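Asks: mmCIF, C-alpha atoms, saved as query.cif, coming up:
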```cif
data_protein
#
loop_
_atom_site.label_atom_id
_atom_site.label_comp_id
_atom_site.auth_asym_id
_atom_site.auth_seq_id
_atom_site.Cartn_x
_atom_site.Cartn_y
_atom_site.Cartn_z
CA MET A 22 71.79 -34.15 52.23
CA GLU A 23 70.09 -30.80 52.53
CA ASN A 24 66.34 -30.74 52.70
CA PRO A 25 65.24 -29.98 49.14
CA LEU A 26 62.34 -27.93 50.47
CA ARG A 27 64.54 -25.44 52.28
CA GLN A 28 65.09 -23.53 49.02
CA PHE A 29 61.46 -22.45 49.18
CA ALA A 30 61.82 -20.90 52.63
CA ILE A 31 60.89 -17.26 53.03
CA HIS A 32 63.48 -15.08 54.76
CA THR A 33 62.60 -11.70 56.11
CA LEU A 34 64.94 -9.01 54.81
CA ILE A 35 63.23 -5.87 56.13
CA PRO A 36 60.66 -6.45 58.88
CA ILE A 37 57.49 -4.42 58.23
CA HIS A 38 54.26 -4.69 60.20
CA ILE A 39 50.97 -3.07 59.32
CA GLY A 40 48.54 -3.51 62.18
CA SER A 41 48.67 -7.16 63.13
CA TYR A 42 49.85 -8.21 59.66
CA ASP A 43 53.44 -9.16 58.96
CA VAL A 44 54.14 -7.67 55.53
CA SER A 45 57.91 -7.83 55.81
CA PHE A 46 60.04 -7.35 52.72
CA THR A 47 61.35 -10.86 52.10
CA ASN A 48 63.48 -12.72 49.59
CA SER A 49 60.25 -13.33 47.66
CA SER A 50 59.50 -9.60 47.62
CA LEU A 51 63.07 -8.89 46.53
CA LEU A 52 62.71 -11.17 43.49
CA MET A 53 59.38 -9.49 42.67
CA LEU A 54 61.14 -6.14 42.87
CA ILE A 55 63.92 -7.39 40.56
CA ALA A 56 61.33 -8.74 38.11
CA PHE A 57 59.50 -5.41 38.20
CA ALA A 58 62.77 -3.52 37.64
CA LEU A 59 63.66 -5.76 34.69
CA ILE A 60 60.22 -5.30 33.13
CA ILE A 61 60.58 -1.52 33.44
CA PHE A 62 64.11 -1.69 32.05
CA LEU A 63 62.99 -3.77 29.08
CA PHE A 64 59.98 -1.64 28.20
CA TYR A 65 61.29 1.79 29.13
CA VAL A 66 64.99 1.78 28.29
CA GLY A 67 64.34 -0.66 25.46
CA THR A 68 61.84 1.65 23.81
CA SER A 69 63.65 4.93 24.51
CA ARG A 70 65.49 5.10 21.18
CA LYS A 71 62.30 4.61 19.16
CA ALA A 72 64.37 3.26 16.30
CA VAL A 73 62.67 2.22 13.08
CA VAL A 74 65.24 -0.55 12.83
CA PRO A 75 65.24 -1.86 16.41
CA GLY A 76 68.25 -2.75 18.53
CA ARG A 77 68.40 -5.88 20.69
CA LEU A 78 66.48 -4.59 23.68
CA GLN A 79 63.84 -2.84 21.59
CA SER A 80 63.52 -5.92 19.43
CA ALA A 81 62.95 -8.04 22.54
CA ALA A 82 60.32 -5.63 23.86
CA GLU A 83 58.56 -5.55 20.49
CA MET A 84 58.69 -9.33 20.13
CA ILE A 85 57.23 -9.91 23.61
CA TYR A 86 54.52 -7.37 22.87
CA GLU A 87 53.62 -8.85 19.50
CA PHE A 88 53.75 -12.38 20.87
CA THR A 89 51.32 -11.49 23.66
CA ALA A 90 49.10 -9.34 21.46
CA ASN A 91 48.81 -12.14 18.88
CA MET A 92 48.10 -14.70 21.60
CA VAL A 93 45.30 -12.54 23.02
CA GLU A 94 43.92 -11.79 19.56
CA ASP A 95 43.99 -15.45 18.51
CA ASN A 96 42.50 -16.86 21.70
CA ALA A 97 40.22 -14.20 23.09
CA GLY A 98 38.91 -13.14 19.71
CA HIS A 99 37.64 -9.90 18.30
CA GLY A 100 37.65 -6.85 20.56
CA SER A 101 40.16 -8.37 22.95
CA ALA A 102 42.92 -5.82 22.29
CA LYS A 103 41.99 -3.99 25.49
CA TYR A 104 43.05 -7.05 27.52
CA VAL A 105 46.61 -7.05 26.18
CA PRO A 106 48.10 -5.00 29.07
CA PHE A 107 46.44 -7.25 31.64
CA VAL A 108 47.50 -10.51 30.00
CA MET A 109 50.95 -9.14 29.38
CA SER A 110 51.36 -8.12 33.02
CA ILE A 111 50.46 -11.65 34.07
CA PHE A 112 52.73 -13.18 31.44
CA LEU A 113 55.71 -11.03 32.39
CA VAL A 114 55.27 -11.39 36.15
CA VAL A 115 55.07 -15.18 35.82
CA LEU A 116 57.82 -15.37 33.18
CA PHE A 117 60.32 -13.31 35.15
CA GLY A 118 59.41 -15.17 38.36
CA ASN A 119 60.06 -18.51 36.68
CA ILE A 120 63.25 -17.47 34.90
CA LEU A 121 64.84 -15.53 37.75
CA GLY A 122 64.17 -18.50 40.04
CA LEU A 123 66.49 -20.65 37.92
CA ILE A 124 69.50 -18.54 38.90
CA PRO A 125 71.29 -20.44 41.66
CA TYR A 126 70.67 -19.10 45.20
CA SER A 127 67.80 -16.92 44.03
CA PHE A 128 64.16 -17.55 44.85
CA THR A 129 61.15 -18.55 42.76
CA TYR A 130 58.09 -16.65 43.90
CA THR A 131 55.95 -18.63 41.44
CA SER A 132 56.82 -21.79 43.35
CA HIS A 133 54.58 -20.58 46.18
CA ILE A 134 50.97 -21.65 45.90
CA ILE A 135 49.76 -18.47 47.57
CA VAL A 136 51.24 -16.36 44.76
CA THR A 137 49.89 -18.51 41.95
CA ILE A 138 46.46 -18.84 43.52
CA ALA A 139 46.32 -15.09 44.08
CA LEU A 140 47.05 -14.53 40.37
CA ALA A 141 44.58 -17.21 39.31
CA LEU A 142 41.82 -15.89 41.59
CA MET A 143 42.43 -12.37 40.33
CA ILE A 144 41.98 -13.65 36.76
CA PHE A 145 38.87 -15.57 37.84
CA VAL A 146 37.34 -12.51 39.50
CA VAL A 147 38.19 -10.31 36.53
CA VAL A 148 36.60 -12.82 34.12
CA VAL A 149 33.44 -13.17 36.22
CA LEU A 150 33.01 -9.43 36.77
CA LEU A 151 33.62 -8.54 33.12
CA SER A 152 31.29 -11.31 31.94
CA LEU A 153 28.52 -10.08 34.23
CA LYS A 154 29.13 -6.53 33.06
CA ASN A 155 29.09 -7.46 29.37
CA HIS A 156 26.46 -10.19 29.28
CA GLY A 157 24.40 -9.52 32.40
CA VAL A 158 22.29 -12.56 33.18
CA GLY A 159 23.34 -14.04 29.83
CA PHE A 160 26.60 -14.92 31.56
CA PHE A 161 24.90 -17.92 33.14
CA LYS A 162 24.07 -19.32 29.69
CA MET A 163 27.69 -20.41 29.40
CA PHE A 164 26.99 -23.18 31.91
CA PHE A 165 24.72 -24.91 29.43
CA PRO A 166 26.29 -25.81 26.08
CA PRO A 167 24.11 -24.57 23.21
CA GLY A 168 22.37 -27.29 21.24
CA ALA A 169 22.55 -29.88 24.02
CA PRO A 170 19.30 -31.76 24.77
CA ILE A 171 17.43 -30.03 27.56
CA PHE A 172 16.98 -33.23 29.60
CA LEU A 173 20.76 -33.36 30.04
CA ALA A 174 20.68 -30.02 31.85
CA PRO A 175 20.73 -31.52 35.37
CA LEU A 176 23.91 -33.36 34.41
CA LEU A 177 25.63 -30.76 32.24
CA ILE A 178 25.10 -27.68 34.35
CA PRO A 179 26.84 -29.01 37.49
CA ILE A 180 29.74 -30.26 35.36
CA GLU A 181 30.11 -26.92 33.60
CA VAL A 182 29.86 -24.99 36.87
CA LEU A 183 32.40 -27.28 38.47
CA SER A 184 34.85 -26.97 35.58
CA PHE A 185 34.42 -23.20 35.68
CA VAL A 186 35.04 -23.02 39.41
CA PHE A 187 38.04 -25.32 39.14
CA ARG A 188 39.73 -23.04 36.62
CA PRO A 189 41.65 -20.94 39.17
CA ILE A 190 42.65 -24.06 41.07
CA SER A 191 44.00 -25.90 38.04
CA LEU A 192 45.62 -22.72 36.76
CA SER A 193 47.44 -22.00 40.01
CA VAL A 194 48.33 -25.56 40.95
CA ARG A 195 49.74 -26.26 37.49
CA LEU A 196 52.21 -23.41 37.74
CA PHE A 197 53.05 -23.99 41.38
CA ALA A 198 53.54 -27.73 40.95
CA ASN A 199 55.68 -27.37 37.84
CA MET A 200 57.94 -24.82 39.46
CA MET A 201 58.23 -26.65 42.74
CA ALA A 202 58.79 -30.07 41.19
CA GLY A 203 61.51 -28.74 38.91
CA HIS A 204 63.36 -27.03 41.72
CA VAL A 205 63.08 -30.03 44.04
CA MET A 206 64.47 -32.27 41.29
CA LEU A 207 67.35 -29.91 40.64
CA GLN A 208 68.14 -29.72 44.33
CA LEU A 209 67.98 -33.49 44.77
CA PHE A 210 70.27 -34.26 41.87
CA ALA A 211 72.64 -31.50 42.91
CA GLY A 212 72.67 -33.12 46.36
CA PHE A 213 73.47 -36.51 44.82
CA THR A 214 76.32 -34.94 42.90
CA VAL A 215 77.95 -33.86 46.15
CA ALA A 216 77.15 -37.08 47.99
CA LEU A 217 78.43 -39.48 45.35
CA GLY A 218 81.87 -37.92 45.02
CA LEU A 219 83.55 -39.12 41.81
CA PHE A 220 80.40 -40.87 40.62
CA GLY A 221 78.61 -37.56 41.04
CA ILE A 222 79.39 -36.90 37.38
CA LEU A 223 76.22 -38.83 36.48
CA PRO A 224 73.75 -36.75 38.50
CA LEU A 225 75.74 -33.67 37.50
CA THR A 226 75.10 -34.45 33.83
CA PHE A 227 71.47 -34.90 34.70
CA VAL A 228 71.41 -31.56 36.52
CA VAL A 229 72.79 -29.84 33.41
CA LEU A 230 70.14 -31.46 31.22
CA LEU A 231 67.46 -30.74 33.80
CA THR A 232 68.44 -27.07 33.95
CA GLY A 233 67.87 -26.78 30.22
CA PHE A 234 64.58 -28.57 30.60
CA GLU A 235 63.58 -26.27 33.48
CA ILE A 236 64.25 -23.20 31.33
CA LEU A 237 61.85 -24.68 28.80
CA VAL A 238 59.32 -25.39 31.55
CA ALA A 239 59.69 -21.84 32.91
CA LEU A 240 58.92 -20.37 29.48
CA LEU A 241 56.19 -22.88 28.72
CA GLN A 242 54.38 -22.43 32.03
CA ALA A 243 54.38 -18.66 31.71
CA TYR A 244 53.02 -19.11 28.19
CA VAL A 245 50.36 -21.58 29.32
CA PHE A 246 49.33 -19.30 32.17
CA ALA A 247 48.90 -16.33 29.84
CA LEU A 248 47.29 -18.49 27.15
CA LEU A 249 44.66 -19.82 29.55
CA THR A 250 44.07 -16.29 30.79
CA SER A 251 43.35 -15.25 27.18
CA ILE A 252 41.05 -18.25 26.68
CA TYR A 253 39.16 -17.44 29.89
CA LEU A 254 38.88 -13.81 28.85
CA LYS A 255 37.15 -14.93 25.66
CA ASP A 256 34.09 -15.71 27.79
CA THR A 257 33.82 -12.06 28.71
CA LEU A 258 33.47 -11.07 25.05
CA GLU A 259 31.42 -13.85 23.47
CA ALA A 260 28.08 -15.04 24.69
CA HIS A 261 27.76 -18.82 24.68
CA MET B 23 44.28 -28.18 22.81
CA PHE B 24 47.69 -28.89 24.29
CA ALA B 25 47.05 -26.41 27.06
CA ARG B 26 43.65 -27.96 27.68
CA ARG B 27 45.25 -31.37 28.12
CA ILE B 28 47.71 -29.99 30.63
CA SER B 29 44.86 -28.33 32.43
CA THR B 30 43.15 -31.67 32.97
CA HIS B 31 46.23 -33.40 34.36
CA ALA B 32 47.89 -30.64 36.28
CA PRO B 33 45.54 -30.60 39.28
CA LEU B 34 46.19 -34.31 39.74
CA VAL B 35 49.95 -33.84 39.54
CA GLY B 36 49.73 -30.92 41.93
CA LEU B 37 47.66 -32.93 44.35
CA MET B 38 50.13 -35.80 44.27
CA LEU B 39 53.02 -33.43 44.87
CA THR B 40 51.18 -31.76 47.72
CA LEU B 41 50.57 -35.18 49.22
CA LEU B 42 54.24 -36.10 48.76
CA ALA B 43 55.26 -32.86 50.36
CA GLY B 44 52.85 -33.63 53.18
CA VAL B 45 54.52 -37.00 53.63
CA SER B 46 57.95 -35.43 53.76
CA ARG B 47 56.62 -32.91 56.24
CA ALA B 48 55.37 -35.73 58.40
CA GLU B 49 58.83 -37.29 58.30
CA GLU B 50 60.65 -34.07 59.09
CA GLU B 51 58.74 -32.25 61.74
CA LYS B 52 61.19 -29.37 61.86
CA GLU B 53 61.13 -28.25 58.23
CA GLY B 54 57.90 -28.74 56.33
CA MET B 55 56.79 -27.20 53.07
CA PRO B 56 57.41 -23.47 53.32
CA GLN B 57 54.61 -22.99 50.80
CA LEU B 58 52.08 -24.16 53.37
CA ASP B 59 53.30 -21.88 56.15
CA PRO B 60 50.58 -19.23 56.52
CA HIS B 61 52.89 -16.82 58.35
CA SER B 62 54.37 -15.62 55.07
CA PHE B 63 51.04 -15.36 53.20
CA ALA B 64 50.25 -11.78 54.18
CA SER B 65 53.66 -10.53 53.15
CA GLN B 66 53.61 -12.41 49.84
CA LEU B 67 50.12 -11.23 48.97
CA PHE B 68 50.97 -7.66 49.97
CA TRP B 69 54.09 -7.43 47.83
CA LEU B 70 52.60 -9.38 44.93
CA THR B 71 49.67 -6.94 44.87
CA ILE B 72 52.01 -3.94 44.94
CA PHE B 73 54.32 -5.20 42.23
CA PHE B 74 51.57 -6.61 40.04
CA VAL B 75 49.67 -3.32 40.16
CA LEU B 76 52.92 -1.45 39.43
CA VAL B 77 53.69 -3.71 36.47
CA PHE B 78 50.15 -3.37 35.16
CA VAL B 79 50.04 0.41 35.54
CA PHE B 80 53.48 0.76 34.00
CA LEU B 81 52.66 -1.45 31.02
CA ARG B 82 49.16 -0.03 30.51
CA PHE B 83 50.12 3.64 30.63
CA ILE B 84 53.84 3.82 29.77
CA GLY B 85 55.38 0.59 28.48
CA LEU B 86 52.91 -0.61 25.88
CA PRO B 87 51.98 2.82 24.47
CA ARG B 88 55.67 3.31 23.77
CA VAL B 89 55.96 -0.05 22.02
CA THR B 90 52.77 0.41 19.99
CA ALA B 91 53.86 3.96 19.09
CA ILE B 92 57.11 2.56 17.69
CA ILE B 93 55.31 -0.19 15.78
CA ASP B 94 52.68 2.24 14.42
CA GLU B 95 55.37 4.72 13.50
CA ARG B 96 57.21 2.02 11.59
CA ALA B 97 54.06 0.87 9.82
CA LYS B 98 53.23 4.48 8.94
CA LYS B 99 56.73 5.15 7.70
CA ILE B 100 56.72 2.04 5.57
CA GLY B 101 53.26 2.99 4.31
CA THR B 102 54.26 6.53 3.37
CA ASP B 103 57.49 5.26 1.86
CA ILE B 104 55.57 2.83 -0.31
CA ALA B 105 53.06 5.56 -1.22
CA SER B 106 55.78 8.04 -2.14
CA ALA B 107 57.60 5.35 -4.10
CA GLU B 108 54.37 4.63 -5.95
CA LEU B 109 53.87 8.36 -6.59
CA LEU B 110 57.41 8.70 -7.87
CA ARG B 111 56.91 5.69 -10.09
CA THR B 112 53.78 7.14 -11.68
CA GLN B 113 55.55 10.46 -12.05
CA ALA B 114 58.44 8.74 -13.75
CA ALA B 115 56.04 6.90 -16.05
CA GLU B 116 54.32 10.17 -16.88
CA ALA B 117 57.64 11.86 -17.52
CA GLU B 118 58.62 9.01 -19.79
CA LYS B 119 55.36 9.32 -21.72
CA THR B 120 55.83 13.08 -22.06
CA TYR B 121 59.39 12.50 -23.18
CA GLU B 122 58.26 10.00 -25.75
CA THR B 123 55.53 12.24 -27.20
CA THR B 124 57.88 15.23 -27.24
CA MET B 125 60.50 13.11 -28.87
CA ALA B 126 58.08 11.84 -31.50
CA ALA B 127 56.85 15.39 -32.21
CA ALA B 128 60.41 16.65 -32.46
CA GLN B 129 61.33 13.83 -34.79
CA GLY B 130 58.34 14.54 -37.00
CA LYS B 131 59.16 18.21 -37.04
CA ALA B 132 62.80 17.49 -37.80
CA ARG B 133 61.82 15.19 -40.63
CA GLN B 134 59.46 17.80 -42.04
CA LEU B 135 62.10 20.49 -41.69
CA LEU B 136 64.59 18.25 -43.41
CA ALA B 137 62.21 17.59 -46.27
CA GLU B 138 61.43 21.31 -46.62
CA THR B 139 65.06 22.25 -46.59
CA HIS B 140 65.77 19.56 -49.13
CA GLU B 141 63.09 20.93 -51.42
CA GLN B 142 64.30 24.47 -50.97
CA ASN B 143 67.83 23.41 -51.65
CA ALA B 144 66.73 21.55 -54.76
CA ALA B 145 64.85 24.62 -56.00
CA ILE B 146 67.82 26.89 -55.28
CA LEU B 147 70.12 24.42 -56.94
CA ALA B 148 67.90 24.21 -60.02
CA GLU B 149 67.71 28.01 -60.21
CA GLU B 150 71.45 28.39 -59.77
CA THR B 151 72.11 25.70 -62.29
CA LYS B 152 69.83 27.42 -64.78
CA LEU B 153 71.52 30.77 -64.21
CA ALA B 154 74.98 29.26 -64.40
CA THR B 155 74.07 27.34 -67.56
CA ALA B 156 72.73 30.52 -69.13
CA ALA B 157 75.87 32.42 -68.19
CA ALA B 158 78.06 29.64 -69.50
CA ASP B 159 76.07 29.45 -72.73
CA HIS B 160 76.48 33.18 -73.14
CA GLU B 161 80.18 32.93 -72.55
CA VAL B 162 80.46 30.08 -75.03
CA ASN B 163 78.49 32.01 -77.67
CA GLN B 164 80.69 35.03 -77.16
CA ALA B 165 83.76 32.91 -77.42
CA VAL B 166 82.44 31.20 -80.55
CA LYS B 167 81.67 34.61 -82.11
CA ARG B 168 85.09 35.86 -81.13
CA ILE B 169 86.73 32.79 -82.60
CA GLU B 170 84.64 33.22 -85.77
CA ALA B 171 85.69 36.86 -86.05
CA ASP B 172 89.29 36.02 -85.42
CA ARG B 173 89.15 33.27 -88.00
CA SER B 174 87.61 35.44 -90.70
CA LYS B 175 90.10 38.14 -89.81
CA ALA B 176 92.89 35.59 -90.09
CA LEU B 177 91.50 34.37 -93.40
CA HIS B 178 91.39 37.95 -94.70
CA SER B 179 94.94 38.57 -93.67
CA ILE B 180 95.97 35.23 -95.27
CA ARG B 181 94.27 36.42 -98.49
CA ASP B 182 96.02 39.78 -98.29
CA VAL B 183 99.35 38.02 -97.74
CA ALA B 184 98.54 35.63 -100.62
CA ARG B 185 97.58 38.59 -102.87
CA GLY B 186 100.78 40.41 -101.99
CA LEU B 187 102.81 37.25 -102.51
CA ALA B 188 101.01 36.51 -105.76
CA ALA B 189 101.54 40.07 -106.97
CA ASP B 190 105.20 39.98 -106.00
CA ILE B 191 105.72 36.53 -107.57
CA THR B 192 103.94 37.65 -110.77
CA ALA B 193 105.99 40.86 -110.85
CA LYS B 194 109.19 38.92 -110.50
CA LEU B 195 108.12 36.38 -113.15
CA ALA B 196 106.42 38.68 -115.68
CA GLY B 197 108.43 41.74 -115.01
CA ARG B 198 105.47 43.88 -114.46
CA MET B 199 103.08 44.56 -111.75
CA PRO B 200 99.62 42.95 -112.32
CA SER B 201 96.56 44.94 -111.38
CA ALA B 202 95.27 44.51 -107.91
CA ASP B 203 91.84 43.44 -109.13
CA ARG B 204 93.16 40.55 -111.16
CA VAL B 205 95.46 39.37 -108.45
CA ALA B 206 92.55 39.42 -106.04
CA LEU B 207 90.39 37.49 -108.51
CA ALA B 208 93.07 34.91 -109.17
CA VAL B 209 93.79 34.39 -105.44
CA ASP B 210 90.10 34.06 -104.66
CA LEU B 211 89.76 31.45 -107.43
CA ALA B 212 92.72 29.53 -106.14
CA ALA B 213 91.44 29.77 -102.59
CA GLY B 214 88.05 28.58 -103.82
CA GLU B 215 89.70 25.61 -105.46
CA ILE B 216 91.65 24.84 -102.36
CA ALA B 217 88.63 25.33 -100.25
#
```
Take the structure in this file and express it as structure tokens.
Replies:
Amino acid sequence: MENPLRQFAIHTLIPIHIGSYDVSFTNSSLLMLIAFALIIFLFYVGTSRKAVVPGRLQSAAEMIYEFTANMVEDNAGHGSAKYVPFVMSIFLVVLFGNILGLIPYSFTYTSHIIVTIALALMIFVVVVLLSLKNHGVGFFKMFFPPGAPIFLAPLLIPIEVLSFVFRPISLSVRLFANMMAGHVMLQLFAGFTVALGLFGILPLTFVVLLTGFEILVALLQAYVFALLTSIYLKDTLEAH
Amino acid sequence: MFARRISTHAPLVGLMLTLLAGVSRAEEEKEGMPQLDPHSFASQLFWLTIFFVLVFVFLRFIGLPRVTAIIDERAKKIGTDIASAELLRTQAAEAEKTYETTMAAAQGKARQLLAETHEQNAAILAEETKLATAAADHEVNQAVKRIEADRSKALHSIRDVARGLAADITAKLAGRMPSADRVALAVDLAAGEIA
């Protein structure tokens, strides 16, 4: 049976080197390019007719926009409308990465921890910088819950700091682990299908069900990623 | 809340999977977890940065303004449509009110006109009737006079005929002609008796 981890291998398509860094265009980069092209297609071609009664593509673009805008508004609160492009970029990049990865023989760039941690750290840095900019020193008040007894401070502050620092880790590992686990499972059961011959019908059925489940996971994880981004961005607007 | 619950469990799941992957890597020396191979990190980070920035710039400056413009345009259109519909409705209501008042005024005027005309007609009719009655009365009087004249004339001629007859009859019977005065007297007496 084929190694179920081989599907995550990076293949160089166009070798590029900048200085001592290998920044070759790989299968991962190709999927990012396809995702980027699809996003542009959806939001440029889809909105080119500017119809009052939207067609399919325009309807999809509007729905994704309103979905994201409502999510940001509901979770990040008042004055968060300026974060919609940022959250939407994250949502779409993750969503298209997850969905495109489910096409057989393609590649899931969100199944690589380096990609998810880069996104999560970027969110973390953005949240910290914006919080410092908006609240100044008041930013550090968020590490002590208001109304808590002061003698609990030595206990509460380390916990709050730790949970804050662990945000990018939990955010990135959640997405990475979900994507990787799903693809490994699919590969394993697909392998069983081949290996078991006639009895392969059982794992094949499972693969079909699992594919549907993975589509759900792909959507859900993109949603969760963007939702948590919105929740984290709330800290930049509201003092605790 | 749901997302929060995931967020508490996911690191554990991820850690377990990483450990599992580590185990499988230990078993298969040749092919480990490609995710942990640092050779590809630079390339992935480089292209992720490029495409993420491109997606962000596109959405921020081109994609989302286009979508929001469409949505705003629709909201505005619906708003103006509703406003113009409201305006038209009030205009229609006003027109109806004007129509009703005009109609009521016209009806009142028509009724008044009708009454006036009726009165006038009645007056004219009365006048005409009076005139016609007078004319008819005159005619009748004339006719009565004429009839009276004719009758007296007829009576005179009857008397003349009677006198002539009486004279003739007397002449035949007596053999001589009576005087006209006596005949006239006798006829008048007889006529008076008859009458």
Asks: Return the single residue from A:Pro224, A:Pro75, A:Pro106, A:Gly157 that is closest to chain B, with distances computed using all atoms listed in the file.
Replies: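 Comparing A:Pro224, A:Pro75, A:Pro106, A:Gly157 against chain B, the winner is A:Pro106.
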Asks: Give as a list of chain:residue names the residues that the PyMOL selection byres ((chain A) within 7 of (chain B)) matches when applied to the coordinates above.
Replies: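 This file gives the following for the PyMOL selection byres ((chain A) within 7 of (chain B)): A:Leu26, A:Phe29, A:Ala30, A:Tyr42, A:Asp43, A:Val44, A:Ser45, A:Ser50, A:Met53, A:Leu54, A:Phe57, A:Phe64, A:Tyr65, A:Thr68, A:Lys71, A:Val73, A:Glu83, A:Pro106, A:Phe107, A:Ser110, A:His133, A:Ile134, A:Ile135, A:Val136, A:Ser191, A:Val194, A:Arg195, A:Ala198, A:Val245.
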Asks: Could you write out as a PyMOL selection string the residues that the PyMOL selection byres ((chain A and resi 117) around 12) matches in the shown file?
Replies: (chain A and resi 52-61+63+109-116+118-124+128-131+236+239-240+242-244) or (chain B and resi 77)
Asks: Might you pull out every residue within 12 Å of Leu176 in chain A, with only C-alpha atoms counted and same-chain residues fewer than 6 positions away left off, and present them as a PyMOL selection string?
Replies: chain A and resi 164-166+169-170+182-183
Asks: Could you tell me which of A:Leu230, A:Leu150, A:Ala202, A:Ala81 comes closest to Phe62 in chain A if we count only C-alpha atoms?
Replies: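 Answer, going by the shortest atom-to-atom distance: A:Ala81.
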Asks: Let me have the centre and edge lengths in Å, one decimal, of the box along x, y and z around every listed atom of range 141-158 of chain A with 8 Å of margin on each side, as lines of an AutoDock Vina configuration file.
Replies:
```
center_x = 33.4
center_y = -11.9
center_z = 35.4
size_x = 38.3
size_y = 26.7
size_z = 28.3
```
Asks: I'd like to know which of A:Met163, A:Ile180, A:Met206, A:Leu248 is closest to Val228 in chain A, using only C-alpha atoms.
Replies: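 The answer is A:Met206, which sits nearest to Val228 in chain A.
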Asks: I want to know what sits within 9 Å of Arg181 in chain B, based on all atoms listed in the file, with residues of the same chain fewer than 4 positions away left out; could you give that as a PyMOL selection string?
Replies: chain B and resi 176-177+185-186+206+209-210+213
Asks: By how many Å are CA of Thr250 in chain A and CA of Met200 in chain A apart?
Replies: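 The value is 18.4 Å.
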Asks: What's the separation between CA of Lys154 in chain A and CA of Arg188 in chain A, in Å to one decimal place?
Replies: 19.9 Å
Asks: Can you pull out the residues contacting range 213-216 of chain A? Cut-off 12 Å, using all atoms listed in the file, and skip same-chain residues under 4 positions away; I want them as a PyMOL selection string.
Replies: chain A and resi 22-23+25+206-209+220-229
Asks: Dump C-alpha atoms for the selected residues as a short mmCIF file (atom, residue, chain, number, x, y, z; two decimals), keeping the file's coordinate frame?
Replies:
```cif
data_model
loop_
_atom_site.label_atom_id
_atom_site.label_comp_id
_atom_site.auth_asym_id
_atom_site.auth_seq_id
_atom_site.Cartn_x
_atom_site.Cartn_y
_atom_site.Cartn_z
CA MET A 22 71.79 -34.15 52.23
CA GLU A 23 70.09 -30.80 52.53
CA PRO A 25 65.24 -29.98 49.14
CA MET A 206 64.47 -32.27 41.29
CA LEU A 207 67.35 -29.91 40.64
CA GLN A 208 68.14 -29.72 44.33
CA LEU A 209 67.98 -33.49 44.77
CA PHE A 220 80.40 -40.87 40.62
CA GLY A 221 78.61 -37.56 41.04
CA ILE A 222 79.39 -36.90 37.38
CA LEU A 223 76.22 -38.83 36.48
CA PRO A 224 73.75 -36.75 38.50
CA LEU A 225 75.74 -33.67 37.50
CA THR A 226 75.10 -34.45 33.83
CA PHE A 227 71.47 -34.90 34.70
CA VAL A 228 71.41 -31.56 36.52
CA VAL A 229 72.79 -29.84 33.41
#
```
Asks: What separation in Å, quoted to one decimal, exists between CA of Gly214 in chain B and CA of Gln164 in chain B?
Replies: 28.4 Å
Asks: Please return range 41-48 of chain A, rebuilt to N, CA, C and O atoms, as a PDB file, in the coordinates of the input.
Replies:
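Written file, part20.pdb:
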```
ATOM      1  N   SER A  41      48.230  -5.862  62.620  1.00  0.00           N
ATOM      2  CA  SER A  41      48.670  -7.160  63.130  1.00  0.00           C
ATOM      3  C   SER A  41      49.259  -8.003  62.009  1.00  0.00           C
ATOM      4  O   SER A  41      49.602  -9.151  62.214  1.00  0.00           O
ATOM      5  N   TYR A  42      49.342  -7.431  60.798  1.00  0.00           N
ATOM      6  CA  TYR A  42      49.850  -8.210  59.660  1.00  0.00           C
ATOM      7  C   TYR A  42      51.354  -8.036  59.506  1.00  0.00           C
ATOM      8  O   TYR A  42      51.872  -6.930  59.581  1.00  0.00           O
ATOM      9  N   ASP A  43      52.000  -9.168  59.226  1.00  0.00           N
ATOM     10  CA  ASP A  43      53.440  -9.160  58.960  1.00  0.00           C
ATOM     11  C   ASP A  43      53.618  -9.047  57.444  1.00  0.00           C
ATOM     12  O   ASP A  43      53.382 -10.000  56.718  1.00  0.00           O
ATOM     13  N   VAL A  44      53.941  -7.855  56.966  1.00  0.00           N
ATOM     14  CA  VAL A  44      54.140  -7.670  55.530  1.00  0.00           C
ATOM     15  C   VAL A  44      55.606  -7.359  55.245  1.00  0.00           C
ATOM     16  O   VAL A  44      55.938  -6.511  54.424  1.00  0.00           O
ATOM     17  N   SER A  45      56.480  -8.079  55.932  1.00  0.00           N
ATOM     18  CA  SER A  45      57.910  -7.830  55.810  1.00  0.00           C
ATOM     19  C   SER A  45      58.371  -7.980  54.367  1.00  0.00           C
ATOM     20  O   SER A  45      57.825  -8.779  53.604  1.00  0.00           O
ATOM     21  N   PHE A  46      59.396  -7.222  54.028  1.00  0.00           N
ATOM     22  CA  PHE A  46      60.040  -7.350  52.720  1.00  0.00           C
ATOM     23  C   PHE A  46      60.940  -8.568  52.781  1.00  0.00           C
ATOM     24  O   PHE A  46      61.900  -8.601  53.550  1.00  0.00           O
ATOM     25  N   THR A  47      60.630  -9.585  51.987  1.00  0.00           N
ATOM     26  CA  THR A  47      61.350 -10.860  52.100  1.00  0.00           C
ATOM     27  C   THR A  47      62.130 -11.147  50.826  1.00  0.00           C
ATOM     28  O   THR A  47      62.132 -10.335  49.893  1.00  0.00           O
ATOM     29  N   ASN A  48      62.775 -12.320  50.809  1.00  0.00           N
ATOM     30  CA  ASN A  48      63.480 -12.720  49.590  1.00  0.00           C
ATOM     31  C   ASN A  48      62.504 -12.843  48.421  1.00  0.00           C
ATOM     32  O   ASN A  48      62.837 -12.531  47.284  1.00  0.00           O
TER      33      ASN A  48
END
```
